[in-house]
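protein-v4.pdb, holding PDB, C-alpha atoms:
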ATOM      1  CA  MET Z 293     137.303  94.582 118.897
ATOM      2  CA  LYS Z 294     134.279  95.691 116.872
ATOM      3  CA  LYS Z 295     131.843  98.081 118.551
ATOM      4  CA  TYR Z 296     128.361  98.962 117.339
ATOM      5  CA  PHE Z 297     126.436 102.211 117.253
ATOM      6  CA  VAL Z 298     122.842 102.672 116.115
ATOM      7  CA  PHE Z 299     121.163 105.923 115.305
ATOM      8  CA  SER Z 300     117.959 107.247 113.862
ATOM      9  CA  ALA Z 301     117.538 110.504 112.006
ATOM     10  CA  LEU Z 302     114.405 112.446 111.167
ATOM     11  CA  GLY Z 303     114.006 115.702 109.296
ATOM     12  CA  LYS Z 304     112.617 117.484 106.260
ATOM     13  CA  ASP Z 305     113.372 115.506 103.125
ATOM     14  CA  ARG Z 306     115.806 116.909 100.563
ATOM     15  CA  PRO Z 307     118.494 115.533  98.253
ATOM     16  CA  GLY Z 308     121.915 114.754  99.715
ATOM     17  CA  ILE Z 309     121.082 113.638 103.258
ATOM     18  CA  VAL Z 310     122.179 110.019 102.744
ATOM     19  CA  ASN Z 311     125.297 111.209 100.935
ATOM     20  CA  GLN Z 312     126.333 113.498 103.788
ATOM     21  CA  LEU Z 313     125.509 110.995 106.546
ATOM     22  CA  SER Z 314     127.348 108.151 104.814
ATOM     23  CA  LYS Z 315     130.377 110.412 104.268
ATOM     24  CA  ALA Z 316     130.469 111.303 107.983
ATOM     25  CA  ILE Z 317     130.303 107.583 108.828
ATOM     26  CA  LEU Z 318     133.092 106.767 106.364
ATOM     27  CA  ASP Z 319     135.247 109.711 107.509
ATOM     28  CA  SER Z 320     134.954 108.568 111.124
ATOM     29  CA  GLY Z 321     136.281 105.135 110.158
ATOM     30  CA  CYS Z 322     132.994 103.290 110.651
ATOM     31  CA  ASN Z 323     131.102 100.910 108.378
ATOM     32  CA  ILE Z 324     127.335 100.730 107.790
ATOM     33  CA  GLU Z 325     126.206  97.256 108.869
ATOM     34  CA  ASP Z 326     122.433  97.586 108.457
ATOM     35  CA  SER Z 327     120.080 100.411 107.511
ATOM     36  CA  ARG Z 328     116.524 101.385 106.633
ATOM     37  CA  MET Z 329     115.557 104.673 105.032
ATOM     38  CA  THR Z 330     112.292 106.076 103.785
ATOM     39  CA  VAL Z 331     110.424 109.278 103.096
ATOM     40  CA  LEU Z 332     107.112 109.572 104.932
ATOM     41  CA  GLY Z 333     105.077 112.560 103.837
ATOM     42  CA  GLY Z 334     107.672 115.303 103.537
ATOM     43  CA  GLU Z 335     109.927 113.800 106.201
ATOM     44  CA  PHE Z 336     113.119 111.806 105.734
ATOM     45  CA  ALA Z 337     113.540 108.948 108.222
ATOM     46  CA  LEU Z 338     116.567 106.711 108.685
ATOM     47  CA  ILE Z 339     117.743 104.130 111.155
ATOM     48  CA  LEU Z 340     121.105 102.487 110.809
ATOM     49  CA  MET Z 341     123.686 100.463 112.652
ATOM     50  CA  VAL Z 342     127.377 101.077 112.140
ATOM     51  CA  SER Z 343     130.419  99.215 113.331
ATOM     52  CA  GLY Z 344     134.003 100.197 114.005
ATOM     53  CA  HIS Z 345     136.715 100.064 116.607
ATOM     54  CA  TRP Z 346     136.036 102.087 119.766
ATOM     55  CA  GLY Z 347     137.966 105.143 118.503
ATOM     56  CA  ALA Z 348     135.961 105.273 115.251
ATOM     57  CA  ILE Z 349     132.666 104.916 117.113
ATOM     58  CA  THR Z 350     133.722 107.683 119.510
ATOM     59  CA  ARG Z 351     134.587 109.980 116.557
ATOM     60  CA  LEU Z 352     131.182 109.345 115.015
ATOM     61  CA  GLU Z 353     129.401 109.824 118.332
ATOM     62  CA  ARG Z 354     131.073 113.227 118.717
ATOM     63  CA  GLN Z 355     129.833 114.188 115.236
ATOM     64  CA  VAL Z 356     126.150 113.639 116.073
ATOM     65  CA  PRO Z 357     125.470 117.211 117.348
ATOM     66  CA  VAL Z 358     127.357 118.669 114.361
ATOM     67  CA  LEU Z 359     125.389 116.489 111.932
ATOM     68  CA  GLU Z 360     122.095 117.427 113.585
ATOM     69  CA  LYS Z 361     122.797 121.105 113.109
ATOM     70  CA  LYS Z 362     124.392 120.866 109.652
ATOM     71  CA  LEU Z 363     121.689 118.593 108.193
ATOM     72  CA  GLU Z 364     118.772 120.015 110.218
ATOM     73  CA  LEU Z 365     117.913 116.557 111.552
ATOM     74  CA  THR Z 366     116.867 115.173 114.890
ATOM     75  CA  ILE Z 367     119.257 112.319 115.641
ATOM     76  CA  LEU Z 368     118.951 109.780 118.446
ATOM     77  CA  ALA Z 369     121.977 107.549 118.985
ATOM     78  CA  ARG Z 370     123.143 104.800 121.293
ATOM     79  CA  HIS Z 371     125.717 102.078 121.649
ATOM     80  CA  THR Z 372     124.446  98.575 120.957
ATOM     81  CA  GLU Z 373     125.573  95.004 120.521
ATOM     82  CA  PRO Z 374     125.285  92.821 117.437
ATOM     83  CA  ARG Z 375     122.121  90.806 117.355
ATOM     84  CA  THR Z 376     122.638  87.277 118.531
ATOM     85  CA  ALA Z 377     121.349  84.595 116.214
ATOM     86  CA  VAL Z 378     118.363  82.788 117.641
ATOM     87  CA  GLN Z 379     118.546  79.066 117.073
ATOM     88  CA  ASP Z 380     115.665  77.116 115.606
ATOM     89  CA  MET Z 381     113.828  80.121 114.179
ATOM     90  CA  VAL Z 382     112.399  80.128 110.671
ATOM     91  CA  PRO Z 383     111.623  83.406 108.844
ATOM     92  CA  TYR Z 384     108.175  83.750 107.277
ATOM     93  CA  THR Z 385     106.759  86.592 105.191
ATOM     94  CA  VAL Z 386     103.285  87.905 105.937
ATOM     95  CA  ASP Z 387     101.463  90.004 103.333
ATOM     96  CA  VAL Z 388      98.100  91.667 103.959
ATOM     97  CA  VAL Z 389      95.884  93.808 101.722
ATOM     98  CA  ALA Z 390      92.564  95.301 102.786
ATOM     99  CA  MET Z 391      90.282  98.288 102.610
ATOM    100  CA  ASP Z 392      92.001 100.809 104.868
ATOM    101  CA  HIS Z 393      90.596 101.303 108.347
ATOM    102  CA  PRO Z 394      92.071 102.053 111.781
ATOM    103  CA  GLY Z 395      93.456  99.166 113.838
ATOM    104  CA  ILE Z 396      94.763  96.781 111.180
ATOM    105  CA  VAL Z 397      98.392  96.956 112.361
ATOM    106  CA  HIS Z 398      97.375  96.513 115.998
ATOM    107  CA  GLU Z 399      95.155  93.513 115.252
ATOM    108  CA  ILE Z 400      97.881  91.764 113.239
ATOM    109  CA  ALA Z 401     100.576  92.591 115.802
ATOM    110  CA  ASP Z 402      98.318  91.260 118.553
ATOM    111  CA  PHE Z 403      97.733  87.999 116.637
ATOM    112  CA  PHE Z 404     101.465  87.297 116.533
ATOM    113  CA  ALA Z 405     102.302  88.695 120.002
ATOM    114  CA  THR Z 406      99.767  86.429 121.708
ATOM    115  CA  ARG Z 407     101.578  83.483 120.121
ATOM    116  CA  ASP Z 408     105.060  84.738 121.173
ATOM    117  CA  ILE Z 409     106.020  85.259 117.528
ATOM    118  CA  ASN Z 410     108.444  88.130 116.974
ATOM    119  CA  ILE Z 411     107.908  90.660 114.194
ATOM    120  CA  GLU Z 412     111.377  91.259 112.714
ATOM    121  CA  GLU Z 413     110.496  93.837 110.084
ATOM    122  CA  MET Z 414     107.319  95.538 108.906
ATOM    123  CA  ASN Z 415     106.353  97.934 106.131
ATOM    124  CA  THR Z 416     102.898  99.391 105.605
ATOM    125  CA  TRP Z 417     101.462 101.812 103.105
ATOM    126  CA  THR Z 418      98.147 103.127 101.851
ATOM    127  CA  TYR Z 419      97.086 103.802  98.283
ATOM    128  CA  PRO Z 420      93.920 104.376  96.224
ATOM    129  CA  ALA Z 421      92.377 101.282  94.593
ATOM    130  CA  ALA Z 422      92.989 101.184  90.844
ATOM    131  CA  HIS Z 423      89.490 101.711  89.472
ATOM    132  CA  THR Z 424      87.439 102.948  92.402
ATOM    133  CA  GLY Z 425      89.948 105.109  94.262
ATOM    134  CA  ALA Z 426      88.859 103.452  97.529
ATOM    135  CA  PRO Z 427      91.506 103.745 100.263
ATOM    136  CA  MET Z 428      93.540 100.526 100.449
ATOM    137  CA  PHE Z 429      96.042  99.313 103.036
ATOM    138  CA  SER Z 430      98.986  96.998 102.449
ATOM    139  CA  LEU Z 431     101.316  95.379 104.973
ATOM    140  CA  SER Z 432     104.394  93.242 104.441
ATOM    141  CA  MET Z 433     106.365  91.870 107.346
ATOM    142  CA  THR Z 434     108.821  89.201 108.343
ATOM    143  CA  VAL Z 435     108.177  87.134 111.451
ATOM    144  CA  SER Z 436     110.399  84.560 113.161
ATOM    145  CA  LEU Z 437     108.602  81.313 113.844
ATOM    146  CA  PRO Z 438     110.040  78.845 116.328
ATOM    147  CA  ALA Z 439     110.928  75.665 114.420
ATOM    148  CA  GLY Z 440     108.466  73.708 116.573
ATOM    149  CA  VAL Z 441     105.449  75.770 115.479
ATOM    150  CA  HIS Z 442     102.949  73.711 113.504
ATOM    151  CA  ILE Z 443     102.827  75.944 110.427
ATOM    152  CA  GLY Z 444      99.668  74.369 109.016
ATOM    153  CA  ARG Z 445      97.762  75.110 112.221
ATOM    154  CA  LEU Z 446      99.210  78.651 112.414
ATOM    155  CA  ARG Z 447      98.332  79.279 108.768
ATOM    156  CA  ASP Z 448      94.746  78.074 109.378
ATOM    157  CA  GLU Z 449      94.415  80.287 112.482
ATOM    158  CA  PHE Z 450      95.832  83.280 110.617
ATOM    159  CA  THR Z 451      93.570  82.720 107.608
ATOM    160  CA  SER Z 452      90.497  82.465 109.846
ATOM    161  CA  PHE Z 453      91.602  85.547 111.802
ATOM    162  CA  CYS Z 454      92.054  87.538 108.565
ATOM    163  CA  ASP Z 455      88.756  86.321 107.118
ATOM    164  CA  ASN Z 456      86.954  87.579 110.255
ATOM    165  CA  LEU Z 457      88.535  91.022 109.752
ATOM    166  CA  ASN Z 458      88.001  91.036 105.957
ATOM    167  CA  LEU Z 459      91.760  91.040 105.287
ATOM    168  CA  ASP Z 460      93.304  89.292 102.291
ATOM    169  CA  ALA Z 461      96.512  87.707 103.612
ATOM    170  CA  THR Z 462      99.236  85.138 103.069
ATOM    171  CA  ILE Z 463     101.930  83.669 105.298
ATOM    172  CA  GLU Z 464     104.748  81.931 103.423
ATOM    173  CA  PRO Z 465     108.386  80.937 104.031
ATOM    174  CA  THR Z 466     110.737  83.835 103.350
ATOM    175  CA  ARG Z 467     112.730  83.360 100.164
ATOM    176  CA  HIS Z 468     116.035  85.231 100.306
TER     177      HIS Z 468
END

In structure tokens, how does this file's structure come out?
Amino acid sequence: MKKYFVFSALGKDRPGIVNQLSKAILDSGCNIEDSRMTVLGGEFALILMVSGHWGAITRLERQVPVLEKKLELTILARHTEPRTAVQDMVPYTVDVVAMDHPGIVHEIADFFATRDINIEEMNTWTYPAAHTGAPMFSLSMTVSLPAGVHIGRLRDEFTSFCDNLNLDATIEPTRH
């Protein structure tokens, strides 16, 4: 029976971290099911879910302290279950661009939370505007809309909400 293990790793960025972590996962007999990795500032950050039979998961779990020391990472790990598919949910992509200022993520998260809409994935970044160098903010996220949500009404509410905050935004069906 398949078991699942999720862990996050954080540490100073340098070449070879993904190579060494993926080798440890392979050597333990596990398989990477899902992962996200990025470099933020000078820090490497990773979260991943692996699967394997209980013996393979146990071998990997025992390697966590060794990997932390060898790779100079802080690793948090726990057993988990596969995500159960939620019926009647439709994925939508939300993209936002604006002049950067504090609170944008909170305001957008609050808009969806107050409507019981789950944020499945989110990426944000800042950058200087092309000609002026003004600080810009960009957000891209996937939300799960219940099939019964009136998308036209939600889109109108979201557009009005974004206009009030001077955010340029779209909400469209996810195309994968």

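Proximity to Leu368 of chain Z was assessed for Z:Gly440, Z:Pro465, Z:Gly395, Z:Gly303 counting only C-alpha atoms; the smallest distance is recorded for Z:Gly303.
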
Surrounding residues of Asp460 of chain Z excluding itself and chain neighbours under 6 positions, 9 Å, all atoms listed in the file, as JSON, numbers by chain: {"Z": [387, 388, 389, 390, 451, 454]}

Residues near Leu340 of chain Z, anyone? I mean within 7 Å using all atoms listed in the file, not counting same-chain ones fewer than 3 positions away, as a PDB file with C-alpha atoms, keeping the file's coordinate frame.
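As written to disk, part25.pdb reads:
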ATOM      1  CA  VAL Z 298     122.842 102.672 116.115  1.00  0.00           C
ATOM      2  CA  PHE Z 299     121.163 105.923 115.305  1.00  0.00           C
ATOM      3  CA  SER Z 300     117.959 107.247 113.862  1.00  0.00           C
ATOM      4  CA  ASP Z 326     122.433  97.586 108.457  1.00  0.00           C
ATOM      5  CA  SER Z 327     120.080 100.411 107.511  1.00  0.00           C
ATOM      6  CA  ARG Z 328     116.524 101.385 106.633  1.00  0.00           C
TER       7      ARG Z 328
END

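Among the candidates Z:Thr372, Z:Tyr384, Z:Ala377, Z:Phe429, the one nearest to Glu413 of chain Z when counting all atoms listed in the file is Z:Tyr384.
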
What residues come out when you apply the PyMOL selection byres ((chain Z and resi 462) around 12) to this file, written as a list in words?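 Output of the PyMOL selection byres ((chain Z and resi 462) around 12): Tyr384, Thr385, Val386, Asp387, Val388, Val389, Ser430, Leu431, Ser432, Met433, Thr434, Leu446, Arg447, Asp448, Glu449, Phe450, Thr451, Ser452, Phe453, Cys454, Asp455, Leu459, Asp460, Ala461, Ile463, Glu464, Pro465 and Thr466 of chain Z.
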
Under the PyMOL selection byres ((chain Z and resi 305-313) around 8), which residues of this model are included? Write them out as number ranges by chain. Z: 303-304, 314-317, 331, 334-336, 359, 363

10 Å contact set for Pro438 of chain Z, all atoms listed in the file, chain neighbours under 3 positions out, as JSON, numbers by chain: {"Z": [378, 379, 380, 381, 382, 383, 408, 409, 410, 435, 441, 442, 443]}

Find the residue from Z:Glu373, Z:Ile396, Z:Ala301, Z:Phe404 that sits nearest to Thr416 of chain Z; use all atoms listed in the file when measuring.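 When distances to Thr416 of chain Z are compared using all atoms listed in the file, the smallest one comes from Z:Ile396.
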
In Å, how far is it from atom CA of Leu332 of chain Z to atom CA of Pro357 of chain Z?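 So the answer is 23.4 Å.
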
Ground truth for the PyMOL selection byres ((chain Z and resi 348-354) around 10), written as number ranges by chain: Z: 294-299, 316-323, 342-347, 355-359, 369-371

Nearest residue to Arg407 of chain Z out of Z:Met391, Z:Leu437, Z:Leu338, Z:Leu457, using only C-alpha atoms?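 So, comparing all the options, the nearest one is Z:Leu437.
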
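From atom CA of Thr366 of chain Z back to atom CA of Met341 of chain Z, the distance works out to 16.4 Å.
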
Quick one: distance from atom CA of Leu302 of chain Z to atom CA of Ala337 of chain Z in Å, one decimal? 4.7 Å

Nearest to Tyr419 of chain Z, chosen from Z:Glu360, Z:Glu399, Z:Asp392, Z:Glu325, with all atoms listed in the file counted in the distances: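 Checking each of Z:Glu360, Z:Glu399, Z:Asp392, Z:Glu325 against Tyr419 of chain Z, counting all atoms listed in the file, the winner is Z:Asp392.
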
Kindly provide, as JSON, the centre and edge lengths (Å, one decimal) of an axis-aligned box around all atoms of segment 300-308 of chain Z given in the file, with 5 Å on each side.
{"center_x": 117.3, "center_y": 112.4, "center_z": 106.1, "size_x": 19.3, "size_y": 20.2, "size_z": 25.6}

Save segment 341-417 of chain Z of the structure in the block above to a file, with C-alpha atoms included, as a CSV table (one decimal), in the first residue's frame.
chain,number,residue,atom,x,y,z
Z,341,MET,CA,5.5,15.0,-1.6
Z,342,VAL,CA,7.0,11.6,-2.1
Z,343,SER,CA,5.3,8.2,-2.2
Z,344,GLY,CA,6.5,4.7,-1.5
Z,345,HIS,CA,5.7,1.6,0.5
Z,346,TRP,CA,6.0,1.9,4.3
Z,347,GLY,CA,9.6,0.6,4.4
Z,348,ALA,CA,10.8,3.1,1.7
Z,349,ILE,CA,9.1,6.0,3.5
Z,350,THR,CA,10.7,4.9,6.8
Z,351,ARG,CA,14.2,4.8,5.1
Z,352,LEU,CA,13.7,8.3,3.8
Z,353,GLU,CA,12.4,9.5,7.2
Z,354,ARG,CA,15.5,8.2,8.9
Z,355,GLN,CA,17.6,10.1,6.3
Z,356,VAL,CA,16.2,13.5,7.2
Z,357,PRO,CA,18.6,14.4,10.0
Z,358,VAL,CA,21.6,13.2,7.8
Z,359,LEU,CA,20.3,15.3,4.9
Z,360,GLU,CA,19.9,18.3,7.1
Z,361,LYS,CA,23.5,18.1,8.3
Z,362,LYS,CA,25.0,17.1,4.9
Z,363,LEU,CA,23.2,19.7,2.9
Z,364,GLU,CA,23.0,22.4,5.6
Z,365,LEU,CA,19.3,22.7,5.3
Z,366,THR,CA,16.4,23.0,7.7
Z,367,ILE,CA,14.0,20.2,6.9
Z,368,LEU,CA,10.5,19.8,8.2
Z,369,ALA,CA,8.8,16.5,7.4
Z,370,ARG,CA,5.6,14.6,8.1
Z,371,HIS,CA,3.4,11.7,6.9
Z,372,THR,CA,0.4,12.7,4.9
Z,373,GLU,CA,-2.4,11.3,2.8
Z,374,PRO,CA,-3.0,11.8,-0.9
Z,375,ARG,CA,-5.3,14.7,-1.6
Z,376,THR,CA,-8.8,13.6,-2.2
Z,377,ALA,CA,-10.4,15.0,-5.4
Z,378,VAL,CA,-13.2,17.4,-4.6
Z,379,GLN,CA,-16.2,16.9,-6.8
Z,380,ASP,CA,-17.8,19.8,-8.7
Z,381,MET,CA,-14.8,22.2,-8.5
Z,382,VAL,CA,-13.5,24.1,-11.4
Z,383,PRO,CA,-10.0,25.6,-11.5
Z,384,TYR,CA,-9.6,29.2,-12.4
Z,385,THR,CA,-6.4,31.3,-12.8
Z,386,VAL,CA,-6.2,34.7,-11.2
Z,387,ASP,CA,-3.5,37.2,-12.4
Z,388,VAL,CA,-2.9,40.5,-10.8
Z,389,VAL,CA,-0.4,43.3,-11.6
Z,390,ALA,CA,-0.1,46.6,-9.7
Z,391,MET,CA,2.2,49.2,-8.2
Z,392,ASP,CA,3.7,47.4,-5.3
Z,393,HIS,CA,2.4,48.3,-1.8
Z,394,PRO,CA,1.9,46.3,1.4
Z,395,GLY,CA,-1.4,44.3,1.8
Z,396,ILE,CA,-2.1,43.2,-1.8
Z,397,VAL,CA,-1.8,39.5,-1.0
Z,398,HIS,CA,-4.0,39.8,2.1
Z,399,GLU,CA,-6.7,41.8,0.3
Z,400,ILE,CA,-6.9,39.2,-2.5
Z,401,ALA,CA,-6.8,36.3,-0.1
Z,402,ASP,CA,-9.5,37.9,1.9
Z,403,PHE,CA,-11.7,38.4,-1.2
Z,404,PHE,CA,-11.6,34.7,-1.9
Z,405,ALA,CA,-11.8,33.5,1.7
Z,406,THR,CA,-14.9,35.4,2.4
Z,407,ARG,CA,-16.5,33.6,-0.5
Z,408,ASP,CA,-15.3,30.1,0.7
Z,409,ILE,CA,-13.1,29.8,-2.4
Z,410,ASN,CA,-9.9,27.9,-1.8
Z,411,ILE,CA,-6.5,29.1,-3.1
Z,412,GLU,CA,-4.8,26.1,-4.5
Z,413,GLU,CA,-1.5,27.6,-5.6
Z,414,MET,CA,0.0,31.1,-5.5
Z,415,ASN,CA,3.1,32.8,-6.8
Z,416,THR,CA,4.0,36.4,-6.3
Z,417,TRP,CA,7.0,38.5,-7.3
